[in-house]
Amino acid sequence: MSNPRNNGTITGRLASDPKVFENKDGSKRVLFTIYAGRNYTNAQNQRDSDAVPVEAFVHAQTQGVGPYSHIHKGDLVAVGYTLRMDRYTKNGEQVFDLKVVSEDISYLEPRSVTQARLNERVQTAEVQNQAIRREQAAPVAVVAPAVAHASAVQDEQLPFG
């Protein structure tokens, strides 16, 4: 990290799988959110957490998305970051957007634990997909509605006819 006064570390679990966007120059932008626990408990003796959005950039020469290809929802990680202030004009007004930019990432769980969690998610999704396919493949009986009585508006002109 280049500036010793503008850096820190966030430790927490990923809220979802990272989203990857490819830039025109071949580099990639990776977005993910980390739930970082607070260091105190609330009145109900529970520890709250904050969802911290993080942005990372991967050079075009890097294979895939580098270290960010190995993180998934629920993984415990430590992200070294710097803060960056983006300034731009939107609808004629100056906008200041503070961003948390990942400089490096450390995995705080063994790979076997993260792979087991990922495999469980995949199996759950497959079971759900199979249930949906069975539901769609089941024949649906169509029953025509029975006419209980003749309508009183048969002789009237309908406005959309």
# chains A, B, ... in the order shown; residues from 1 in each chain; ligands from 1
call {"tool": "residues_around", "arguments": {"residues": "Thr9 (chain A)", "least_positions_apart": "6", "cutoff": "8 Å", "atoms": "only C-alpha atoms", "output": "ChimeraX atom specification"}}
result
/A:78-81
call {"tool": "select_by_dssp", "arguments": {"residues": "chain A", "states": "alpha helix (DSSP H)", "output": "ChimeraX atom specification"}}
result
/A:111-137
call {"tool": "write_last_selection", "arguments": {"atoms": "N, CA and C atoms", "output": "tab-separated table (two decimals), in the first residue's frame"}}
result
chain	number	residue	atom	x	y	z
A	111	ARG	N	-9.16	-23.83	2.57
A	111	ARG	CA	-9.84	-24.03	1.28
A	111	ARG	C	-10.87	-25.15	1.35
A	112	SER	N	-10.60	-26.18	2.14
A	112	SER	CA	-11.56	-27.30	2.27
A	112	SER	C	-12.90	-26.82	2.84
A	113	VAL	N	-12.86	-25.87	3.76
A	113	VAL	CA	-14.09	-25.34	4.36
A	113	VAL	C	-14.87	-24.52	3.34
A	114	THR	N	-14.17	-23.66	2.60
A	114	THR	CA	-14.86	-22.83	1.61
A	114	THR	C	-15.40	-23.67	0.47
A	115	GLN	N	-14.66	-24.71	0.04
A	115	GLN	CA	-15.14	-25.59	-1.02
A	115	GLN	C	-16.36	-26.38	-0.56
A	116	ALA	N	-16.36	-26.84	0.69
A	116	ALA	CA	-17.51	-27.58	1.22
A	116	ALA	C	-18.76	-26.68	1.23
A	117	ARG	N	-18.59	-25.41	1.61
A	117	ARG	CA	-19.71	-24.47	1.63
A	117	ARG	C	-20.23	-24.24	0.20
A	118	LEU	N	-19.31	-24.10	-0.75
A	118	LEU	CA	-19.69	-23.89	-2.14
A	118	LEU	C	-20.40	-25.13	-2.69
A	119	ASN	N	-19.88	-26.32	-2.40
A	119	ASN	CA	-20.52	-27.56	-2.87
A	119	ASN	C	-21.93	-27.70	-2.30
A	120	GLU	N	-22.11	-27.32	-1.05
A	120	GLU	CA	-23.44	-27.39	-0.44
A	120	GLU	C	-24.41	-26.45	-1.15
A	121	ARG	N	-23.95	-25.25	-1.49
A	121	ARG	CA	-24.80	-24.30	-2.22
A	121	ARG	C	-25.18	-24.86	-3.59
A	122	VAL	N	-24.22	-25.49	-4.27
A	122	VAL	CA	-24.48	-26.07	-5.59
A	122	VAL	C	-25.50	-27.19	-5.49
A	123	GLN	N	-25.34	-28.07	-4.51
A	123	GLN	CA	-26.28	-29.18	-4.34
A	123	GLN	C	-27.68	-28.68	-4.02
A	124	THR	N	-27.79	-27.67	-3.17
A	124	THR	CA	-29.10	-27.09	-2.85
A	124	THR	C	-29.75	-26.50	-4.10
A	125	ALA	N	-28.97	-25.81	-4.91
A	125	ALA	CA	-29.50	-25.23	-6.15
A	125	ALA	C	-29.94	-26.32	-7.12
A	126	GLU	N	-29.19	-27.42	-7.19
A	126	GLU	CA	-29.57	-28.51	-8.08
A	126	GLU	C	-30.88	-29.16	-7.64
A	127	VAL	N	-31.06	-29.35	-6.34
A	127	VAL	CA	-32.30	-29.92	-5.82
A	127	VAL	C	-33.47	-29.00	-6.16
A	128	GLN	N	-33.28	-27.70	-5.99
A	128	GLN	CA	-34.35	-26.74	-6.33
A	128	GLN	C	-34.65	-26.78	-7.82
A	129	ASN	N	-33.63	-26.85	-8.66
A	129	ASN	CA	-33.84	-26.91	-10.11
A	129	ASN	C	-34.59	-28.17	-10.51
A	130	GLN	N	-34.23	-29.30	-9.90
A	130	GLN	CA	-34.93	-30.55	-10.22
A	130	GLN	C	-36.40	-30.47	-9.81
A	131	ALA	N	-36.68	-29.86	-8.68
A	131	ALA	CA	-38.07	-29.71	-8.24
A	131	ALA	C	-38.85	-28.83	-9.22
A	132	ILE	N	-38.22	-27.78	-9.71
A	132	ILE	CA	-38.88	-26.89	-10.68
A	132	ILE	C	-39.13	-27.64	-11.98
A	133	ARG	N	-38.14	-28.43	-12.44
A	133	ARG	CA	-38.32	-29.20	-13.68
A	133	ARG	C	-39.46	-30.21	-13.54
A	134	ARG	N	-39.53	-30.88	-12.38
A	134	ARG	CA	-40.62	-31.85	-12.15
A	134	ARG	C	-41.97	-31.14	-12.16
A	135	GLU	N	-42.00	-29.97	-11.57
A	135	GLU	CA	-43.23	-29.19	-11.51
A	135	GLU	C	-43.68	-28.78	-12.91
A	136	GLN	N	-42.72	-28.39	-13.75
A	136	GLN	CA	-43.04	-27.96	-15.11
A	136	GLN	C	-43.41	-29.15	-15.99
A	137	ALA	N	-42.85	-30.31	-15.73
A	137	ALA	CA	-43.11	-31.48	-16.55
A	137	ALA	C	-44.42	-32.16	-16.20
call {"tool": "atom_distance", "arguments": {"atom1": "CA of Leu14 (chain A)", "atom2": "CA of Ala60 (chain A)"}}
result
24.5 Å
call {"tool": "select_by_dssp", "arguments": {"residues": "region 4-153 of chain A", "states": "strand (DSSP E or B)", "output": "PyMOL selection string"}}
result
chain A and resi 8-14+19-22+28-41+47-58+76-90+93-107
call {"tool": "residues_around", "arguments": {"residues": "region 61-75 of chain A", "least_positions_apart": "5", "cutoff": "8 Å", "atoms": "only C-alpha atoms", "output": "PyMOL selection string"}}
result
chain A and resi 13-18+20+27-28+30+105+107+109+114+117-118
call {"tool": "residues_around", "arguments": {"residues": "Arg87 (chain A)", "least_positions_apart": "6", "cutoff": "12 Å", "atoms": "only C-alpha atoms", "output": "mmCIF file with N, CA and C atoms, in the first residue's frame"}}
result
data_model
loop_
_atom_site.group_PDB
_atom_site.id
_atom_site.type_symbol
_atom_site.label_atom_id
_atom_site.label_comp_id
_atom_site.auth_asym_id
_atom_site.auth_seq_id
_atom_site.Cartn_x
_atom_site.Cartn_y
_atom_site.Cartn_z
ATOM 1 N N GLU A 93 -24.911 18.717 -10.771
ATOM 2 C CA GLU A 93 -24.435 18.838 -9.392
ATOM 3 C C GLU A 93 -23.167 18.033 -9.191
ATOM 4 N N GLN A 94 -22.280 18.566 -8.365
ATOM 5 C CA GLN A 94 -21.035 17.883 -8.046
ATOM 6 C C GLN A 94 -21.330 16.736 -7.066
ATOM 7 N N VAL A 95 -20.854 15.519 -7.385
ATOM 8 C CA VAL A 95 -21.078 14.338 -6.553
ATOM 9 C C VAL A 95 -19.731 13.858 -6.020
ATOM 10 N N PHE A 96 -19.679 13.576 -4.723
ATOM 11 C CA PHE A 96 -18.482 13.024 -4.088
ATOM 12 C C PHE A 96 -18.835 11.622 -3.615
ATOM 13 N N ASP A 97 -18.087 10.632 -4.085
ATOM 14 C CA ASP A 97 -18.380 9.234 -3.789
ATOM 15 C C ASP A 97 -17.156 8.586 -3.161
ATOM 16 N N LEU A 98 -17.229 8.253 -1.857
ATOM 17 C CA LEU A 98 -16.124 7.618 -1.156
ATOM 18 C C LEU A 98 -16.171 6.115 -1.408
ATOM 19 N N LYS A 99 -15.066 5.542 -1.883
ATOM 20 C CA LYS A 99 -15.012 4.116 -2.221
ATOM 21 C C LYS A 99 -13.949 3.415 -1.403
#
call {"tool": "residues_around", "arguments": {"residues": "region 31-44 of chain A", "least_positions_apart": "5", "cutoff": "6 Å", "atoms": "only C-alpha atoms", "output": "PyMOL selection string"}}
result
chain A and resi 11-15+18-19+49-55
